[in-house]
Number of protein chains: 2
Amino acid sequence: MPARICDPCLISMENNRIKGTDCKSTPAVKGTDYKSAPAERLALIREALKLNKVDFYVIPSSDPHMGEYIPDYWKIIPWLTGFTGSAGTIVITVTFAGLWTDSRYFIQAEKQLSGSGFEFVKPGAFQRNDYMDYISENAKPGEKIGLDGRIFSLAAFRKLEKRTEGKDISFDTNCDLISSIWTGRPPLPFSSAFDHPVSFSGKERSAKISEVRTKMKEQNADYHLLAANDDIMWLLNIRGNDLKYSPLLLSFALIGMEQILLFIDEAKIPPKLSSEFDRLGIVVLPYEEASSITSSVTQGHSVLYNPQTTSIELFNSISGNSKPIEDLTIPARMKAIKNKTEIGNIEFTMIKDGVALTKFFYWFDTNHGREPLTENSLSAKLFEFRVQQEDFLGTSFATISAFNENSALPHYNAGEGPGAEIGERGILLVDSGGQYMGGTTDITRTIPVGIPSPQQKRDFTLILKGHINLALAKFPDGTRGYQLDFIARRAMWGSGMNYAHGTGHGVGYCLNVHEGPQSISPADNKTTIEAGMLTSNEPAIYREGEYGIRIENLILCYEDEETEFGKFLRFDTVSLCYIEKTLIDKSLLDQKEIEWLNSYHSEVYDKLSPHLTDEERNWLKEKTDPLI
Amino acid sequence: MPARICDPCLISMENNRIKGTDCKSTPAVKGTDYKSAPAERLALIREALKLNKVDFYVIPSSDPHMGEYIPDYWKIIPWLTGFTGSAGTIVITVTFAGLWTDSRYFIQAEKQLSGSGFEFVKPGAFQRNDYMDYISENAKPGEKIGLDGRIFSLAAFRKLEKRTEGKDISFDTNCDLISSIWTGRPPLPFSSAFDHPVSFSGKERSAKISEVRTKMKEQNADYHLLAANDDIMWLLNIRGNDLKYSPLLLSFALIGMEQILLFIDEAKIPPKLSSEFDRLGIVVLPYEEASSITSSVTQGHSVLYNPQTTSIELFNSISGNSKPIEDLTIPARMKAIKNKTEIGNIEFTMIKDGVALTKFFYWFDTNHGREPLTENSLSAKLFEFRVQQEDFLGTSFATISAFNENSALPHYNAGEGPGAEIGERGILLVDSGGQYMGGTTDITRTIPVGIPSPQQKRDFTLILKGHINLALAKFPDGTRGYQLDFIARRAMWGSGMNYAHGTGHGVGYCLNVHEGPQSISPADNKTTIEAGMLTSNEPAIYREGEYGIRIENLILCYEDEETEFGKFLRFDTVSLCYIEKTLIDKSLLDQKEIEWLNSYHSEVYDKLSPHLTDEERNWLKEKTDPLI
């Protein structure tokens, strides 16, 4: 699935973390009616504003772990405004209440905010205009901005400070105006931790902990604070089900040289894991006490943390009397480089996922026209095929099954109804992925329904050229993702076309489908692409009101050769599913591109065919026959 | 000429400013013998260290304006150590004294430091190992680092602070241990300001000032502090000769809404300019009082400045009681976009420069083998041809005229002797440029002497492919230089080859030959490439001990077309000189590349031939005949 879209400069993975991805997929908060009287709630907040002498109240769409999916407990914006998009920021003053979100939610926001008392603030198409500009332009000297420091990242806060530089305004970062007025607020999620054994993780938790401590010493860090759930899951070889789509448990951790303080609901840790934790010096402490305990433990010591994933509240707990060291977290860097066991498992997982996809597309090809099909009935069918695969844990994001004009929305989701019917002619885009014990998948295929138009074939082929040229790229060690992005866009740019998201995002291993620190995008991400990193390759085109086309595979980086000019790296395409040849205008491909496609198709057939029925196999044979 | 080389990640234009370029070209400090008793000077500094309770003393190779060329007055490192390279940093403790520099000076540093009491600290080839690591590893809690805040940029200081984070060490940034012991120190340079009239600058100084003030208001800045000489020259439409290669005057400026405080030696301003300045509210104040006056004027106000070009001393003068706003300076952004008059002048200037180059290469072709030629006799001859051109002010950097193994050193300079003799067979690389009233040039051509080898032809052609593909690139508005760098390297990377510098640096207009803020390089420079920007295009290869090849033209960005996907930009190659066809292996070029070359050659011939003699014209005709 594509990374988040940002308007001004196509930057999709700002600062190595992505937030918010799937439009309309946010499920309704249980026990909460989004449409009930947001106006009354707004009035209550305005009273609190006056009481607290706050002039601007800012509410972000994040939780204390700054991850992509957040629990219902923290879905303040949907509860307050009725807007259910996954990304947005609200600003409330006594006379103004507005929401800013990104372009994929513009239509939805306009609709859902109607009558709520909240204004939808649509920024100019290519302007940076956002809520920070609003505050910067409207705040008067002496005024105060309030926000809840538990769910505001330090990095986001610093940006806000920077953008209001030179104005005489102050901040109250300890300002929770919500808790006291949200009656019937959903509780925090509860799920049990389960072991992610070495046969999947490839490394004992004790070994990971010891390696992290070695790297902490290299960075002069006495303590290492982890706020991102995925960092902690990786380190401790555990998984859970607190959140949709990512197998995570809400937790914080403070790594010291002897002990690890793990802040998590104790009841989530089953006895067997608990005694193993005891043995390794992992001390389980109440989730709510992360800040206060961290504050007392770290006094006088140096603490390493990532300002992108650390909330202001957590930062305040260490910034007073300790020495701060700011950087990506060590687990974030380490888990991005998949180990040999993980790579082996990823290869198996890709076969399973490819088999499910092939069965699905064969089924679609055989059944379309015979029974009524809709976008969501396709998603459900694809899910059925994935469920049949061993070690499948669930989808890694809300499936994007989109027909014709819907496919022109990069993050389209059909919502809770049946979605659009699949007609007789058009473009069908299916972007989906699975969480498996042995890896996370993410793949997009676009197929024609009926005969494609010449423009559709030209678009598809230009995208395919980009996809292939990135897949074929060879580059020196030390190359950053932003250096590679162009090659996927070159053919399109040459024809005056473009897509407003990154070309590739990092992918976790039985963790987040969007998981950095690396990316292949125009954003100035300093992370270098290293051997062992798994990244998506998904150039695309979106013709508003007509159709969208995206071709996505995951690519694994490996070492190619060493010359007098240094070490060179390449990509291995690991996702396995045929690419629709009827959408290709062969005259636009050069010989190298045709060779890549034929060799990829031959690999797809060889690896998947043993797991298919005779009918499916014969069908796939034709789909993967060489283009000559 | 190529931008500065950095080891770890090929980043050549760190933070939008380059420092140090030409190896061995730093002239001896007048009245100072570099080799006289550095050991005694070191001993005196060590005494001062003890006296001041400083444990590490750091000396950078910069001056208070953080520009590329510095006056003799600030050449502390050459005076203290005998090392004459243009870039380096020294660290002195009571038991250690070492110099760090970049790879182009390794051999020179080893030689020149021998017996000086200073150790040459060679970092590992691909390690980040630098003086900051040394301090970070060796400083003990409670120790103090001393440095002269007048010549240390705020950005460099912050980096040092960051790299020593978590250690309990302090800084004395007001620590000048040099002035009292440097007897016979050269004075600061003196030259008169001269007018850069509107026929060349394209905009009155009053209009520039007014536009800058408008932009200051948009950024909420009451004052704008300029420390970079080139910013001030551009703003005031003046030039001078304080420094070699760049027509600059040492100065600081503080722009307010009514007045501009210009800190410069008053005697440098001739009466006519002086009265014009009076009229415009430009107040000339003593150069030495920049900090103290800035400090009192800016109290309570917001001040915009660039941490890259602002010294710690200047920063301290504004950070106490004013509101800091950090960003690129407004003149730096504005002058990067050449206006119509400037673009027209650049086109004329390119013809003049191309005529000088053509005459030079014709002369070389006719005279090689007839008389003994050396690297420096070639530089002198080329200078003669440039001097004949109208409005020529001088060379824009020390000419790189390099034969065979010398051409493998990207920043080679033959020094003060004759340089290597041009033999019967090999590779000759000439990288040179001029300062003209109507623009700054920078161009590299590589030609064979005798018959080139197949490897030389292959190398040359792969570089030419990179050069052409960048010249042909089409890209959307909002693209950053780092997105384009790959296309110039793609052919080489595919063959396991690379070059350790950026592909392109920004070029000033009768200012600095290296002048950002844009660049085309792997560095994470956030500046977008905009219509009107002038940048170099210079892929290269260096085979140590054998030869180097570089092809460099300047490219001017312009608007191409607007589609439903936005505005698209392209480059116009403005430098004019033939590219040697005998070095091309045509089988490696595709049709588009051949077409570019033929069309470029036809333009070169058409524009230059009217200014050549019959013999030169006939010779150029052959050199620019189409490749078929």
# chains A, B, ... in the order shown; residues from 1 in each chain; ligands from 1

call {"tool": "interface_residues", "arguments": {"of": "chain A", "to": "chain B", "cutoff": "7 Å", "atoms": "only C-alpha atoms", "output": "PDB file with C-alpha atoms, in the first residue's frame"}}
result
ATOM      1  CA  CYS A   9       6.400  18.145  -2.120  1.00  0.00           C
ATOM      2  CA  GLU A 165       9.193  31.382  16.393  1.00  0.00           C
ATOM      3  CA  GLY A 166       9.550  35.085  16.897  1.00  0.00           C
ATOM      4  CA  ASN A 220      27.382   6.685  25.557  1.00  0.00           C
ATOM      5  CA  SER A 302      22.363   9.708  29.758  1.00  0.00           C
ATOM      6  CA  LYS A 323      21.585  13.893  29.617  1.00  0.00           C
ATOM      7  CA  PRO A 324      19.530  13.502  26.468  1.00  0.00           C
ATOM      8  CA  ILE A 325      20.824  11.689  23.359  1.00  0.00           C
ATOM      9  CA  LYS A 474      22.409  -1.304  -8.834  1.00  0.00           C
ATOM     10  CA  PHE A 475      23.882   1.209  -6.421  1.00  0.00           C
ATOM     11  CA  GLY A 478      25.736   4.200   1.425  1.00  0.00           C
ATOM     12  CA  TYR A 482      15.753   9.374  -1.991  1.00  0.00           C
ATOM     13  CA  GLN A 483      18.545   8.810  -4.504  1.00  0.00           C
ATOM     14  CA  LEU A 484      16.658   5.864  -6.008  1.00  0.00           C
ATOM     15  CA  ASP A 485      13.176   7.340  -6.183  1.00  0.00           C
ATOM     16  CA  PHE A 486      13.715   9.103  -9.538  1.00  0.00           C
ATOM     17  CA  TRP A 493       8.051  12.405 -15.632  1.00  0.00           C
ATOM     18  CA  GLY A 494       9.276  12.350 -19.214  1.00  0.00           C
ATOM     19  CA  GLY A 496       4.522  14.940 -17.761  1.00  0.00           C
ATOM     20  CA  MET A 497       2.974  12.448 -15.325  1.00  0.00           C
ATOM     21  CA  ASN A 498       3.602  11.857 -11.620  1.00  0.00           C
ATOM     22  CA  PRO A 522      11.469  12.238  -2.396  1.00  0.00           C
ATOM     23  CA  ASP A 524      14.984  13.653   2.870  1.00  0.00           C
ATOM     24  CA  THR A 563      34.849  -3.293  -7.082  1.00  0.00           C
ATOM     25  CA  PHE A 565      34.960   1.801  -6.230  1.00  0.00           C
ATOM     26  CA  PHE A 568      27.470  -2.387  -4.708  1.00  0.00           C
TER      27      PHE A 568
END

call {"tool": "residues_around", "arguments": {"residues": "B:Ile551", "least_positions_apart": "4", "cutoff": "7 Å", "atoms": "only C-alpha atoms", "output": "PyMOL selection string"}}
result
chain B and resi 444-446+464+538-540

call {"tool": "residues_around", "arguments": {"residues": "B:Asp431", "least_positions_apart": "4", "cutoff": "6 Å", "atoms": "only C-alpha atoms", "output": "JSON, numbers by chain"}}
result
{"B": [1, 399, 400, 443, 444]}

call {"tool": "select_by_dssp", "arguments": {"residues": "stretch 132-309 of chain B", "states": "strand (DSSP E)", "output": "ChimeraX atom specification"}}
result
/B:144-147,170-172,194-195,223-226,238-239,252-255,260-263,282-285,302-305

call {"tool": "closest_residue", "arguments": {"among": "A:Thr358, A:Gly149, A:Ala398, A:Gly142", "to": "A:Ser291", "atoms": "only C-alpha atoms"}}
result
A:Gly149

call {"tool": "residues_around", "arguments": {"residues": "A:Glu616", "least_positions_apart": "2", "cutoff": "9 Å", "atoms": "only C-alpha atoms", "output": "tab-separated table (two decimals) with N, CA and C atoms, in the first residue's frame"}}
result
chain	number	residue	atom	x	y	z
A	358	THR	N	-2.98	-15.70	-6.30
A	358	THR	CA	-3.21	-16.35	-7.59
A	358	THR	C	-4.57	-17.02	-7.60
A	359	LYS	N	-4.89	-17.74	-6.50
A	359	LYS	CA	-6.19	-18.39	-6.40
A	359	LYS	C	-7.31	-17.34	-6.49
A	362	TYR	N	-7.54	-16.01	-10.11
A	362	TYR	CA	-8.13	-17.06	-10.95
A	362	TYR	C	-9.63	-17.14	-10.70
A	363	TRP	N	-9.96	-17.11	-9.39
A	363	TRP	CA	-11.38	-17.16	-9.02
A	363	TRP	C	-12.14	-15.98	-9.63
A	609	SER	N	3.29	-22.70	-8.76
A	609	SER	CA	2.50	-23.76	-9.42
A	609	SER	C	2.38	-25.05	-8.61
A	612	LEU	N	-0.93	-25.14	-6.55
A	612	LEU	CA	-2.19	-24.77	-7.19
A	612	LEU	C	-2.91	-26.01	-7.73
A	613	THR	N	-4.19	-25.89	-7.99
A	613	THR	CA	-4.93	-26.96	-8.67
A	613	THR	C	-4.53	-26.94	-10.15
A	614	ASP	N	-4.89	-28.00	-10.88
A	614	ASP	CA	-4.54	-28.07	-12.30
A	614	ASP	C	-5.10	-26.88	-13.07
A	618	ASN	N	-2.78	-24.12	-14.99
A	618	ASN	CA	-2.83	-23.85	-16.44
A	618	ASN	C	-3.11	-22.39	-16.72
A	619	TRP	N	-4.00	-21.84	-15.90
A	619	TRP	CA	-4.33	-20.42	-16.04
A	619	TRP	C	-3.09	-19.56	-15.78
A	620	LEU	N	-2.36	-19.89	-14.71
A	620	LEU	CA	-1.16	-19.13	-14.36
A	620	LEU	C	-0.08	-19.27	-15.43
A	621	LYS	N	-0.01	-20.46	-16.03
A	621	LYS	CA	0.98	-20.70	-17.09
A	621	LYS	C	0.81	-19.64	-18.19

call {"tool": "select_by_dssp", "arguments": {"residues": "stretch 319-417 of chain B", "states": "helix (DSSP H, G or I)", "output": "PyMOL selection string"}}
result
chain B and resi 319+330-336+340-367+375-387+404-408

call {"tool": "atom_distance", "arguments": {"atom1": "atom CA of B:Ile209", "atom2": "atom CA of B:Lys335"}}
result
12.4 Å

call {"tool": "closest_residue", "arguments": {"among": "A:Asp63, A:Glu266, A:Asp230, A:Glu119", "to": "A:Leu249", "atoms": "only C-alpha atoms"}}
result
A:Asp230

call {"tool": "residues_around", "arguments": {"residues": "B:Gly98", "least_positions_apart": "5", "cutoff": "9 Å", "atoms": "only C-alpha atoms", "output": "list in words"}}
result
Thr89, Ile90, Val91, Ile92, Gly117, Phe118, Glu119, Phe120, Val121 and Tyr131 of chain B

call {"tool": "residues_around", "arguments": {"residues": "stretch 583-594 of chain A", "least_positions_apart": "6", "cutoff": "12 Å", "atoms": "only C-alpha atoms", "output": "CSV table (one decimal) with N, CA, C and O atoms, in the first residue's frame"}}
result
chain,number,residue,atom,x,y,z
A,426,GLY,N,-13.4,-1.9,-17.2
A,426,GLY,CA,-12.7,-0.9,-16.4
A,426,GLY,C,-11.4,-1.5,-15.8
A,426,GLY,O,-10.9,-2.5,-16.3
A,427,ILE,N,-11.0,-0.8,-14.7
A,427,ILE,CA,-9.7,-1.1,-14.1
A,427,ILE,C,-10.0,-1.5,-12.6
A,427,ILE,O,-10.8,-0.8,-11.9
A,428,LEU,N,-9.5,-2.6,-12.2
A,428,LEU,CA,-9.6,-3.1,-10.9
A,428,LEU,C,-8.2,-3.1,-10.2
A,428,LEU,O,-7.3,-3.7,-10.7
A,445,ARG,N,-1.9,-5.3,-7.3
A,445,ARG,CA,-2.0,-5.7,-8.7
A,445,ARG,C,-3.1,-4.9,-9.3
A,445,ARG,O,-4.2,-4.7,-8.6
A,446,THR,N,-3.0,-4.5,-10.5
A,446,THR,CA,-4.0,-3.8,-11.3
A,446,THR,C,-4.4,-4.6,-12.5
A,446,THR,O,-3.4,-5.0,-13.2
A,447,ILE,N,-5.6,-5.0,-12.7
A,447,ILE,CA,-6.0,-5.8,-13.8
A,447,ILE,C,-7.1,-5.1,-14.6
A,447,ILE,O,-7.9,-4.3,-14.0
A,448,PRO,N,-7.2,-5.4,-15.9
A,448,PRO,CA,-8.3,-4.8,-16.6
A,448,PRO,C,-9.6,-5.7,-16.5
A,448,PRO,O,-9.4,-6.9,-16.3
A,449,VAL,N,-10.7,-5.1,-16.5
A,449,VAL,CA,-12.0,-5.9,-16.7
A,449,VAL,C,-12.4,-5.5,-18.1
A,449,VAL,O,-12.7,-4.4,-18.4
A,450,GLY,N,-12.5,-6.5,-18.9
A,450,GLY,CA,-12.8,-6.2,-20.3
A,450,GLY,C,-11.6,-5.8,-21.0
A,450,GLY,O,-10.4,-5.9,-20.5
A,451,ILE,N,-11.7,-5.1,-22.2
A,451,ILE,CA,-10.6,-4.7,-23.0
A,451,ILE,C,-10.1,-3.3,-22.5
A,451,ILE,O,-10.9,-2.4,-22.4
A,452,PRO,N,-8.8,-3.2,-22.2
A,452,PRO,CA,-8.3,-1.9,-21.7
A,452,PRO,C,-8.2,-0.9,-22.9
A,452,PRO,O,-8.0,-1.3,-24.0
A,453,SER,N,-8.2,0.4,-22.5
A,453,SER,CA,-8.0,1.4,-23.6
A,453,SER,C,-6.6,1.6,-23.8
A,453,SER,O,-5.7,1.3,-23.0
A,454,PRO,N,-6.2,2.3,-25.0
A,454,PRO,CA,-4.8,2.5,-25.3
A,454,PRO,C,-4.1,3.4,-24.2
A,454,PRO,O,-3.0,3.2,-23.8
A,455,GLN,N,-4.9,4.4,-23.7
A,455,GLN,CA,-4.3,5.2,-22.6
A,455,GLN,C,-4.0,4.4,-21.4
A,455,GLN,O,-3.0,4.6,-20.7
A,456,GLN,N,-4.9,3.5,-21.0
A,456,GLN,CA,-4.7,2.6,-19.8
A,456,GLN,C,-3.4,1.8,-20.0
A,456,GLN,O,-2.6,1.6,-19.1
A,457,LYS,N,-3.3,1.3,-21.3
A,457,LYS,CA,-2.1,0.5,-21.5
A,457,LYS,C,-0.8,1.3,-21.5
A,457,LYS,O,0.2,0.8,-21.0
A,458,ARG,N,-0.9,2.5,-22.0
A,458,ARG,CA,0.3,3.4,-22.0
A,458,ARG,C,0.6,3.7,-20.5
A,458,ARG,O,1.8,3.6,-20.1
A,459,ASP,N,-0.4,4.1,-19.7
A,459,ASP,CA,-0.1,4.4,-18.3
A,459,ASP,C,0.5,3.2,-17.6
A,459,ASP,O,1.5,3.4,-16.9
A,460,PHE,N,-0.1,2.1,-17.8
A,460,PHE,CA,0.3,0.9,-17.1
A,460,PHE,C,1.8,0.6,-17.5
A,460,PHE,O,2.6,0.2,-16.6
A,461,THR,N,2.1,0.7,-18.7
A,461,THR,CA,3.4,0.4,-19.2
A,461,THR,C,4.5,1.3,-18.7
A,461,THR,O,5.6,0.9,-18.3
A,462,LEU,N,4.1,2.6,-18.6
A,462,LEU,CA,5.1,3.6,-18.0
A,462,LEU,C,5.4,3.3,-16.6
A,462,LEU,O,6.5,3.5,-16.1
A,463,ILE,N,4.3,2.9,-15.8
A,463,ILE,CA,4.5,2.6,-14.4
A,463,ILE,C,5.3,1.3,-14.3
A,463,ILE,O,6.2,1.2,-13.5
A,464,LEU,N,5.0,0.3,-15.2
A,464,LEU,CA,5.8,-0.9,-15.2
A,464,LEU,C,7.3,-0.6,-15.5
A,464,LEU,O,8.1,-1.2,-14.8
A,465,LYS,N,7.5,0.3,-16.4
A,465,LYS,CA,8.9,0.7,-16.7
A,465,LYS,C,9.6,1.2,-15.4
A,465,LYS,O,10.7,0.8,-15.0
A,466,GLY,N,8.9,2.0,-14.7
A,466,GLY,CA,9.4,2.6,-13.4
A,466,GLY,C,9.7,1.4,-12.4
A,466,GLY,O,10.7,1.4,-11.8
A,467,HIS,N,8.7,0.6,-12.3
A,467,HIS,CA,8.8,-0.5,-11.3
A,467,HIS,C,10.0,-1.4,-11.7
A,467,HIS,O,10.8,-1.8,-10.8
A,468,ILE,N,10.1,-1.7,-12.9
A,468,ILE,CA,11.2,-2.6,-13.4
A,468,ILE,C,12.6,-2.0,-13.2
A,468,ILE,O,13.5,-2.6,-12.7
A,469,ASN,N,12.7,-0.7,-13.5
A,469,ASN,CA,14.0,0.0,-13.4
A,469,ASN,C,14.4,0.1,-12.0
A,469,ASN,O,15.6,0.1,-11.7
A,470,LEU,N,13.5,0.3,-11.1
A,470,LEU,CA,13.9,0.3,-9.6
A,470,LEU,C,14.3,-1.1,-9.2
A,470,LEU,O,15.3,-1.3,-8.6
A,471,ALA,N,13.5,-2.1,-9.7
A,471,ALA,CA,13.9,-3.5,-9.4
A,471,ALA,C,15.2,-3.9,-9.9
A,471,ALA,O,15.9,-4.7,-9.3
A,472,LEU,N,15.7,-3.3,-11.0
A,472,LEU,CA,17.0,-3.6,-11.6
A,472,LEU,C,18.1,-2.7,-11.1
A,472,LEU,O,19.3,-2.9,-11.5
A,473,ALA,N,17.8,-1.7,-10.3
A,473,ALA,CA,18.8,-0.7,-9.9
A,473,ALA,C,20.0,-1.4,-9.2
A,473,ALA,O,19.9,-2.3,-8.4
A,491,ALA,N,10.3,7.5,-16.4
A,491,ALA,CA,9.5,7.4,-17.7
A,491,ALA,C,8.2,8.2,-17.6
A,491,ALA,O,7.8,8.9,-18.5
A,492,MET,N,7.6,8.3,-16.4
A,492,MET,CA,6.4,9.1,-16.2
A,492,MET,C,6.7,10.5,-16.3
A,492,MET,O,5.9,11.3,-17.0
A,549,ILE,N,-3.8,3.2,-11.3
A,549,ILE,CA,-3.0,2.0,-11.6
A,549,ILE,C,-1.8,2.0,-10.7
A,549,ILE,O,-1.1,3.1,-10.5
A,550,ARG,N,-1.5,0.9,-10.0
A,550,ARG,CA,-0.4,0.8,-9.2
A,550,ARG,C,0.2,-0.6,-9.3
A,550,ARG,O,-0.6,-1.6,-9.4
A,551,ILE,N,1.5,-0.8,-9.4
A,551,ILE,CA,2.1,-2.1,-9.4
A,551,ILE,C,3.1,-2.1,-8.2
A,551,ILE,O,4.0,-1.3,-8.1
A,600,TYR,N,10.9,-12.7,-14.2
A,600,TYR,CA,10.1,-12.6,-13.0
A,600,TYR,C,8.9,-13.6,-13.1
A,600,TYR,O,8.6,-14.4,-12.2
A,601,HIS,N,8.3,-13.6,-14.3
A,601,HIS,CA,7.1,-14.5,-14.5
A,601,HIS,C,7.5,-15.9,-14.4
A,601,HIS,O,6.7,-16.8,-13.9
A,623,LYS,N,-0.8,-16.8,-17.9
A,623,LYS,CA,-0.5,-15.4,-17.4
A,623,LYS,C,1.0,-15.1,-17.3
A,623,LYS,O,1.3,-13.9,-17.3
A,625,ASP,N,3.4,-16.7,-19.3
A,625,ASP,CA,4.2,-17.0,-20.5
A,625,ASP,C,5.0,-15.8,-20.9
A,625,ASP,O,4.5,-14.6,-20.8
A,626,PRO,N,6.1,-16.0,-21.5
A,626,PRO,CA,7.0,-14.9,-21.9
A,626,PRO,C,6.4,-13.9,-22.9
A,626,PRO,O,5.6,-14.3,-23.7
A,627,LEU,N,6.7,-12.7,-22.7
A,627,LEU,CA,6.3,-11.6,-23.6
A,627,LEU,C,7.3,-11.6,-24.7
A,627,LEU,O,8.5,-11.5,-24.5
A,628,ILE,N,6.9,-11.9,-25.9
A,628,ILE,CA,7.9,-12.0,-27.0
A,628,ILE,C,7.5,-11.1,-28.2
A,628,ILE,O,6.5,-10.5,-28.2
B,590,ASP,N,22.8,5.4,-26.7
B,590,ASP,CA,21.5,5.1,-27.4
B,590,ASP,C,21.1,6.3,-28.2
B,590,ASP,O,21.8,7.4,-28.2

call {"tool": "residues_around", "arguments": {"residues": "A:Met437", "least_positions_apart": "4", "cutoff": "10 Å", "atoms": "only C-alpha atoms", "output": "count of residues only"}}
result
17

call {"tool": "closest_residue", "arguments": {"among": "A:Gly202, A:Pro307, A:Gly344, A:Gly417", "to": "A:Arg158", "atoms": "only C-alpha atoms"}}
result
A:Pro307

call {"tool": "atom_distance", "arguments": {"atom1": "atom CA of B:Ser295", "atom2": "atom CA of B:Arg150"}}
result
14.7 Å

call {"tool": "closest_residue", "arguments": {"among": "B:Met257, B:Leu357, B:Leu554, B:Leu250", "to": "B:Ala227", "atoms": "only C-alpha atoms"}}
result
B:Leu250
